[in-house]
Amino acid sequence: MSPSVTGTVYIVGAGPGDPGLITVKGLECLQRCPAVAYDRLVSSQILDLIPPDTERRFVGKAAQRHKVSQDEINQMLVNLAREGKDVCRLKGGDPFVFGRGGEEAEALAAAHVPFVIVPGVTSATAVPAYAGIPLTHRRHASSVTILTGHEDPDKDYPALHWDRIATSADTIVCLMTVGHLRNVAERLVRHGRLPQTPAAVIHWGTTPDQQTITGELSTISALVQDAEMDPPALLVAGDVVRLRDTLRWFDKSPLFGKRVVVTRARQQAADFVAKLESLGAEIIEFPVIKIADLESYEMVDTALSYLREYHWIIFTSANGVDAFFRRLYQHGAASASPLEKLKVCAIGPATARQCAAYGLRVDLVPEKFIAESVAEALRACGIEGKRVLLPRAQEAREILPQMLEECGAQVDVVPVYRTVLDEARATGMQDRLRNREIDIITFTSSSTVRNFVKLVGEETVREHMQQVCIACIGPITAKTAEEMGMSVDVVAEKFTAEGLIKAVLVHSGNRLAQRHLTG
């Protein structure tokens, strides 16, 4: 028996390639709909945002190689909606700009299936922008014509009117043009465009694989052929192309073209991710752990009952701060006031900032942000005979409590959270490594190294990571990576996320960008 309620099909533009260019509404549809049908040009990073229990349908098409016909796609959307499912029909760019979204909407309307159009950022404007080419400029261009180089072969009326198009606007943008570039350029010139008109062809725009070739309408086809450029690519013709030398930005970024794996979740590494992205890196999020509740909170609750008996509390991670305060609040506290008589030590600035977010004053941050430095700093403060509370992960290095006890402190190690493997994307990461799609992998703790190896497997590490740059936040993490069979290329001198980025830039030969980051 079919459902009485028909689902809604959301025809969503995913943008041109950069995953940051999907709209807020588009992302909401992607993550809410129980079924997603997506095209070939939708980036893998956007696909990674789809919840794991979502039904996925790949309906990608390439020139002359249609995996699924348009009629089949139309019928599939109708069938899914009639099953009562809301469907996110995810298309590259904007669905109504040479995206066949209009055809799919017509089919849905004919079948009386409700639909919603969610516009996307079209490649016609975004790709030239990423190449440093504005389509309009007060001194160079006041009009734009957008056309396709690949028309419907079944049209029963004349093709493009080149005699009108060639001089119709100051700037011409032609999508899907690589296979027809010579004909497009020749027709523009034949019908009135100057052969010396500046031209640019941009391949895989807004992605780390972006490549831009510039020339003139008379030469651009030969230049692209010599470069053996494949689709997808678009052509821009007009005086605005001259501005690229001045306005070029994306492919000049110090980490342009680099795919960087971040092994912590975005919410735990937001600043780290933002800085890498601002330097041109494409971020591949591969969180190797998930924060999970403890099976028993008996030890935590006991420690909370005796907070007044402690002299020091030591936090060794932002996660530990969050988990501790979450339990403290469950015990009825409304602020950090139960800790006001304790001295507080944080292992590093990020952990200290997290303490401050809860209104907790930090008394001590060691010069080096590792457990050994914490112990040395506390020794200098006179830790002997003091009682210390150490809330942390269930599994952690024992070196800190051991060193504190050797200094004469009484240490209560209290787990406040545990970490579990996040296996959702392991297969995808293995495939990326085999296909040599990864340039840099960043590790911010020994646990991220160990869990990474558990997820991708020792064989993958041994056979497919020799060409990958391994970047570690400090010597302890680096030592763990080497023990797990990795060749470490980068170790931060300052054991912070910013220090790690600086070390990556120096390794990449980008000392100028490293100095800019410092400034």
# chains A, B, ... in the order shown; residues from 1 in each chain; ligands from 1
>>> select_by_dssp(residues="range 116-264 of chain A", states="helix (DSSP H, G or I)", output="PDB file with N, CA and C atoms, in the first residue's frame")
ATOM      1  N   SER A 123      28.539  28.336 -11.546  1.00  0.00           N
ATOM      2  CA  SER A 123      29.946  28.371 -11.969  1.00  0.00           C
ATOM      3  C   SER A 123      30.218  29.537 -12.910  1.00  0.00           C
ATOM      4  N   ALA A 124      29.178  30.015 -13.584  1.00  0.00           N
ATOM      5  CA  ALA A 124      29.362  31.108 -14.545  1.00  0.00           C
ATOM      6  C   ALA A 124      29.922  32.363 -13.889  1.00  0.00           C
ATOM      7  N   THR A 125      29.607  32.582 -12.630  1.00  0.00           N
ATOM      8  CA  THR A 125      30.125  33.750 -11.913  1.00  0.00           C
ATOM      9  C   THR A 125      31.233  33.382 -10.933  1.00  0.00           C
ATOM     10  N   ALA A 126      31.090  32.228 -10.249  1.00  0.00           N
ATOM     11  CA  ALA A 126      32.041  31.879  -9.194  1.00  0.00           C
ATOM     12  C   ALA A 126      33.400  31.478  -9.747  1.00  0.00           C
ATOM     13  N   VAL A 127      33.423  30.703 -10.815  1.00  0.00           N
ATOM     14  CA  VAL A 127      34.701  30.227 -11.353  1.00  0.00           C
ATOM     15  C   VAL A 127      35.562  31.385 -11.865  1.00  0.00           C
ATOM     16  N   PRO A 128      35.025  32.311 -12.673  1.00  0.00           N
ATOM     17  CA  PRO A 128      35.854  33.466 -13.040  1.00  0.00           C
ATOM     18  C   PRO A 128      36.330  34.261 -11.815  1.00  0.00           C
ATOM     19  N   ALA A 129      35.466  34.385 -10.793  1.00  0.00           N
ATOM     20  CA  ALA A 129      35.859  35.127  -9.596  1.00  0.00           C
ATOM     21  C   ALA A 129      37.063  34.471  -8.926  1.00  0.00           C
ATOM     22  N   TYR A 130      37.075  33.127  -8.859  1.00  0.00           N
ATOM     23  CA  TYR A 130      38.197  32.410  -8.245  1.00  0.00           C
ATOM     24  C   TYR A 130      39.458  32.502  -9.106  1.00  0.00           C
ATOM     25  N   TRP A 162      24.935  32.953 -33.378  1.00  0.00           N
ATOM     26  CA  TRP A 162      26.247  33.518 -33.120  1.00  0.00           C
ATOM     27  C   TRP A 162      26.366  34.955 -33.627  1.00  0.00           C
ATOM     28  N   ASP A 163      25.620  35.283 -34.670  1.00  0.00           N
ATOM     29  CA  ASP A 163      25.686  36.644 -35.179  1.00  0.00           C
ATOM     30  C   ASP A 163      25.161  37.661 -34.180  1.00  0.00           C
ATOM     31  N   ARG A 164      24.297  37.207 -33.293  1.00  0.00           N
ATOM     32  CA  ARG A 164      23.781  38.087 -32.251  1.00  0.00           C
ATOM     33  C   ARG A 164      24.645  38.002 -30.973  1.00  0.00           C
ATOM     34  N   ILE A 165      25.121  36.799 -30.694  1.00  0.00           N
ATOM     35  CA  ILE A 165      25.841  36.570 -29.431  1.00  0.00           C
ATOM     36  C   ILE A 165      27.218  37.232 -29.423  1.00  0.00           C
ATOM     37  N   VAL A 178      35.029  22.816 -23.385  1.00  0.00           N
ATOM     38  CA  VAL A 178      36.318  22.261 -23.794  1.00  0.00           C
ATOM     39  C   VAL A 178      36.223  21.496 -25.111  1.00  0.00           C
ATOM     40  N   GLY A 179      35.229  20.638 -25.242  1.00  0.00           N
ATOM     41  CA  GLY A 179      35.110  19.827 -26.451  1.00  0.00           C
ATOM     42  C   GLY A 179      34.735  20.607 -27.687  1.00  0.00           C
ATOM     43  N   HIS A 180      34.280  21.842 -27.523  1.00  0.00           N
ATOM     44  CA  HIS A 180      33.832  22.653 -28.656  1.00  0.00           C
ATOM     45  C   HIS A 180      34.551  24.002 -28.688  1.00  0.00           C
ATOM     46  N   LEU A 181      35.688  24.099 -28.004  1.00  0.00           N
ATOM     47  CA  LEU A 181      36.327  25.405 -27.832  1.00  0.00           C
ATOM     48  C   LEU A 181      36.740  26.028 -29.165  1.00  0.00           C
ATOM     49  N   ARG A 182      37.325  25.243 -30.066  1.00  0.00           N
ATOM     50  CA  ARG A 182      37.772  25.807 -31.342  1.00  0.00           C
ATOM     51  C   ARG A 182      36.592  26.403 -32.111  1.00  0.00           C
ATOM     52  N   ASN A 183      35.486  25.652 -32.153  1.00  0.00           N
ATOM     53  CA  ASN A 183      34.302  26.144 -32.876  1.00  0.00           C
ATOM     54  C   ASN A 183      33.736  27.405 -32.225  1.00  0.00           C
ATOM     55  N   VAL A 184      33.692  27.410 -30.883  1.00  0.00           N
ATOM     56  CA  VAL A 184      33.154  28.569 -30.172  1.00  0.00           C
ATOM     57  C   VAL A 184      33.993  29.811 -30.473  1.00  0.00           C
ATOM     58  N   ALA A 185      35.326  29.691 -30.346  1.00  0.00           N
ATOM     59  CA  ALA A 185      36.204  30.842 -30.571  1.00  0.00           C
ATOM     60  C   ALA A 185      36.119  31.321 -32.021  1.00  0.00           C
ATOM     61  N   GLU A 186      36.112  30.380 -32.957  1.00  0.00           N
ATOM     62  CA  GLU A 186      36.054  30.761 -34.370  1.00  0.00           C
ATOM     63  C   GLU A 186      34.746  31.466 -34.702  1.00  0.00           C
ATOM     64  N   ARG A 187      33.641  30.996 -34.147  1.00  0.00           N
ATOM     65  CA  ARG A 187      32.348  31.604 -34.432  1.00  0.00           C
ATOM     66  C   ARG A 187      32.247  33.011 -33.830  1.00  0.00           C
ATOM     67  N   LEU A 188      32.813  33.175 -32.639  1.00  0.00           N
ATOM     68  CA  LEU A 188      32.800  34.514 -32.048  1.00  0.00           C
ATOM     69  C   LEU A 188      33.577  35.494 -32.913  1.00  0.00           C
ATOM     70  N   VAL A 189      34.727  35.074 -33.418  1.00  0.00           N
ATOM     71  CA  VAL A 189      35.535  35.937 -34.267  1.00  0.00           C
ATOM     72  C   VAL A 189      34.851  36.161 -35.616  1.00  0.00           C
ATOM     73  N   ARG A 190      34.309  35.097 -36.188  1.00  0.00           N
ATOM     74  CA  ARG A 190      33.657  35.201 -37.493  1.00  0.00           C
ATOM     75  C   ARG A 190      32.503  36.187 -37.467  1.00  0.00           C
ATOM     76  N   ILE A 220      43.501  30.717 -27.988  1.00  0.00           N
ATOM     77  CA  ILE A 220      43.131  29.995 -26.760  1.00  0.00           C
ATOM     78  C   ILE A 220      42.896  28.508 -27.003  1.00  0.00           C
ATOM     79  N   SER A 221      42.326  28.152 -28.151  1.00  0.00           N
ATOM     80  CA  SER A 221      42.042  26.740 -28.416  1.00  0.00           C
ATOM     81  C   SER A 221      43.324  25.924 -28.490  1.00  0.00           C
ATOM     82  N   ALA A 222      44.312  26.446 -29.195  1.00  0.00           N
ATOM     83  CA  ALA A 222      45.582  25.727 -29.313  1.00  0.00           C
ATOM     84  C   ALA A 222      46.287  25.621 -27.962  1.00  0.00           C
ATOM     85  N   LEU A 223      46.224  26.684 -27.167  1.00  0.00           N
ATOM     86  CA  LEU A 223      46.854  26.652 -25.838  1.00  0.00           C
ATOM     87  C   LEU A 223      46.216  25.598 -24.944  1.00  0.00           C
ATOM     88  N   VAL A 224      44.906  25.503 -24.980  1.00  0.00           N
ATOM     89  CA  VAL A 224      44.187  24.518 -24.158  1.00  0.00           C
ATOM     90  C   VAL A 224      44.487  23.107 -24.660  1.00  0.00           C
ATOM     91  N   GLN A 225      44.551  22.936 -25.959  1.00  0.00           N
ATOM     92  CA  GLN A 225      44.875  21.628 -26.521  1.00  0.00           C
ATOM     93  C   GLN A 225      46.281  21.201 -26.130  1.00  0.00           C
ATOM     94  N   ASP A 226      47.229  22.131 -26.176  1.00  0.00           N
ATOM     95  CA  ASP A 226      48.608  21.807 -25.788  1.00  0.00           C
ATOM     96  C   ASP A 226      48.695  21.402 -24.320  1.00  0.00           C
ATOM     97  N   ASP A 239      37.564  42.084 -22.225  1.00  0.00           N
ATOM     98  CA  ASP A 239      38.662  42.869 -21.650  1.00  0.00           C
ATOM     99  C   ASP A 239      38.878  42.587 -20.169  1.00  0.00           C
ATOM    100  N   VAL A 240      37.852  42.108 -19.453  1.00  0.00           N
ATOM    101  CA  VAL A 240      37.997  41.840 -18.011  1.00  0.00           C
ATOM    102  C   VAL A 240      39.058  40.782 -17.734  1.00  0.00           C
ATOM    103  N   VAL A 241      39.360  39.951 -18.737  1.00  0.00           N
ATOM    104  CA  VAL A 241      40.381  38.916 -18.531  1.00  0.00           C
ATOM    105  C   VAL A 241      41.737  39.549 -18.223  1.00  0.00           C
ATOM    106  N   ARG A 242      41.980  40.764 -18.727  1.00  0.00           N
ATOM    107  CA  ARG A 242      43.261  41.439 -18.460  1.00  0.00           C
ATOM    108  C   ARG A 242      43.465  41.690 -16.969  1.00  0.00           C
ATOM    109  N   LEU A 243      42.384  41.738 -16.209  1.00  0.00           N
ATOM    110  CA  LEU A 243      42.488  42.051 -14.781  1.00  0.00           C
ATOM    111  C   LEU A 243      43.022  40.887 -13.951  1.00  0.00           C
ATOM    112  N   ARG A 244      43.119  39.708 -14.554  1.00  0.00           N
ATOM    113  CA  ARG A 244      43.563  38.541 -13.783  1.00  0.00           C
ATOM    114  C   ARG A 244      44.940  38.753 -13.179  1.00  0.00           C
ATOM    115  N   ASP A 245      45.853  39.376 -13.909  1.00  0.00           N
ATOM    116  CA  ASP A 245      47.206  39.562 -13.384  1.00  0.00           C
ATOM    117  C   ASP A 245      47.205  40.364 -12.089  1.00  0.00           C
ATOM    118  N   THR A 246      46.243  41.286 -11.972  1.00  0.00           N
ATOM    119  CA  THR A 246      46.156  42.123 -10.769  1.00  0.00           C
ATOM    120  C   THR A 246      45.301  41.480  -9.687  1.00  0.00           C
ATOM    121  N   LEU A 247      44.207  40.827 -10.097  1.00  0.00           N
ATOM    122  CA  LEU A 247      43.214  40.337  -9.135  1.00  0.00           C
ATOM    123  C   LEU A 247      43.335  38.854  -8.822  1.00  0.00           C
ATOM    124  N   PHE A 250      43.156  33.248  -5.662  1.00  0.00           N
ATOM    125  CA  PHE A 250      42.934  31.891  -5.162  1.00  0.00           C
ATOM    126  C   PHE A 250      44.139  30.996  -5.432  1.00  0.00           C
ATOM    127  N   ASP A 251      44.581  30.952  -6.670  1.00  0.00           N
ATOM    128  CA  ASP A 251      45.687  30.060  -7.010  1.00  0.00           C
ATOM    129  C   ASP A 251      47.050  30.658  -6.688  1.00  0.00           C
ATOM    130  N   LYS A 252      47.063  31.801  -5.973  1.00  0.00           N
ATOM    131  CA  LYS A 252      48.306  32.354  -5.432  1.00  0.00           C
ATOM    132  C   LYS A 252      48.442  32.077  -3.936  1.00  0.00           C
TER     133      LYS A 252
END
>>> residues_around(residues="range 234-237 of chain A", least_positions_apart="5", cutoff="7 Å", atoms="only C-alpha atoms", output="ChimeraX atom specification")
/A:171-177,197-203
>>> write_last_selection(atoms="N, CA and C atoms", output="mmCIF file, in the first residue's frame")
data_model
loop_
_atom_site.group_PDB
_atom_site.id
_atom_site.type_symbol
_atom_site.label_atom_id
_atom_site.label_comp_id
_atom_site.auth_asym_id
_atom_site.auth_seq_id
_atom_site.Cartn_x
_atom_site.Cartn_y
_atom_site.Cartn_z
ATOM 1 N N THR A 171 31.317 41.003 -21.985
ATOM 2 C CA THR A 171 31.931 39.762 -21.500
ATOM 3 C C THR A 171 31.092 38.585 -21.956
ATOM 4 N N ILE A 172 31.736 37.548 -22.477
ATOM 5 C CA ILE A 172 31.083 36.306 -22.877
ATOM 6 C C ILE A 172 31.579 35.201 -21.957
ATOM 7 N N VAL A 173 30.646 34.452 -21.376
ATOM 8 C CA VAL A 173 30.989 33.273 -20.572
ATOM 9 C C VAL A 173 30.343 32.078 -21.237
ATOM 10 N N CYS A 174 31.154 31.098 -21.584
ATOM 11 C CA CYS A 174 30.641 29.899 -22.240
ATOM 12 C C CYS A 174 30.959 28.684 -21.374
ATOM 13 N N LEU A 175 29.905 28.006 -20.891
ATOM 14 C CA LEU A 175 30.066 26.832 -20.035
ATOM 15 C C LEU A 175 30.212 25.569 -20.890
ATOM 16 N N MET A 176 30.742 24.528 -20.267
ATOM 17 C CA MET A 176 30.862 23.212 -20.921
ATOM 18 C C MET A 176 31.471 23.349 -22.311
ATOM 19 N N THR A 177 32.642 23.943 -22.344
ATOM 20 C CA THR A 177 33.160 24.404 -23.635
ATOM 21 C C THR A 177 34.374 23.662 -24.167
ATOM 22 N N THR A 197 40.783 39.585 -28.765
ATOM 23 C CA THR A 197 40.005 39.660 -27.525
ATOM 24 C C THR A 197 40.632 38.764 -26.454
ATOM 25 N N PRO A 198 40.960 39.293 -25.269
ATOM 26 C CA PRO A 198 41.516 38.446 -24.196
ATOM 27 C C PRO A 198 40.556 37.315 -23.840
ATOM 28 N N ALA A 199 41.116 36.138 -23.602
ATOM 29 C CA ALA A 199 40.292 34.964 -23.286
ATOM 30 C C ALA A 199 40.979 34.125 -22.221
ATOM 31 N N ALA A 200 40.165 33.444 -21.433
ATOM 32 C CA ALA A 200 40.686 32.537 -20.404
ATOM 33 C C ALA A 200 39.812 31.304 -20.353
ATOM 34 N N VAL A 201 40.432 30.160 -20.184
ATOM 35 C CA VAL A 201 39.712 28.911 -19.949
ATOM 36 C C VAL A 201 40.107 28.412 -18.565
ATOM 37 N N ILE A 202 39.095 28.144 -17.749
ATOM 38 C CA ILE A 202 39.325 27.775 -16.340
ATOM 39 C C ILE A 202 38.794 26.365 -16.110
ATOM 40 N N HIS A 203 39.664 25.502 -15.644
ATOM 41 C CA HIS A 203 39.378 24.075 -15.447
ATOM 42 C C HIS A 203 39.201 23.788 -13.955
#
>>> closest_residue(among="A:Ile146, A:Val87, A:Ile438, A:Met484", to="His464 in chain A", atoms="only C-alpha atoms")
A:Ile438
>>> closest_residue(among="A:Lys494, A:Arg308, A:Lys290, A:Lys368", to="Thr419 in chain A", atoms="only C-alpha atoms")
A:Lys290
>>> closest_residue(among="A:Cys345, A:Cys88, A:Val9, A:Ala281", to="Ala35 in chain A", atoms="only C-alpha atoms")
A:Cys88
>>> select_by_dssp(residues="range 37-270 of chain A", states="strand (DSSP E)", output="MDAnalysis selection string")
chainID A and resid 37:38 55:58 61:62 65:66 87:91 115:118 144:148 171:175 198:203 211:216 233:237 259:262
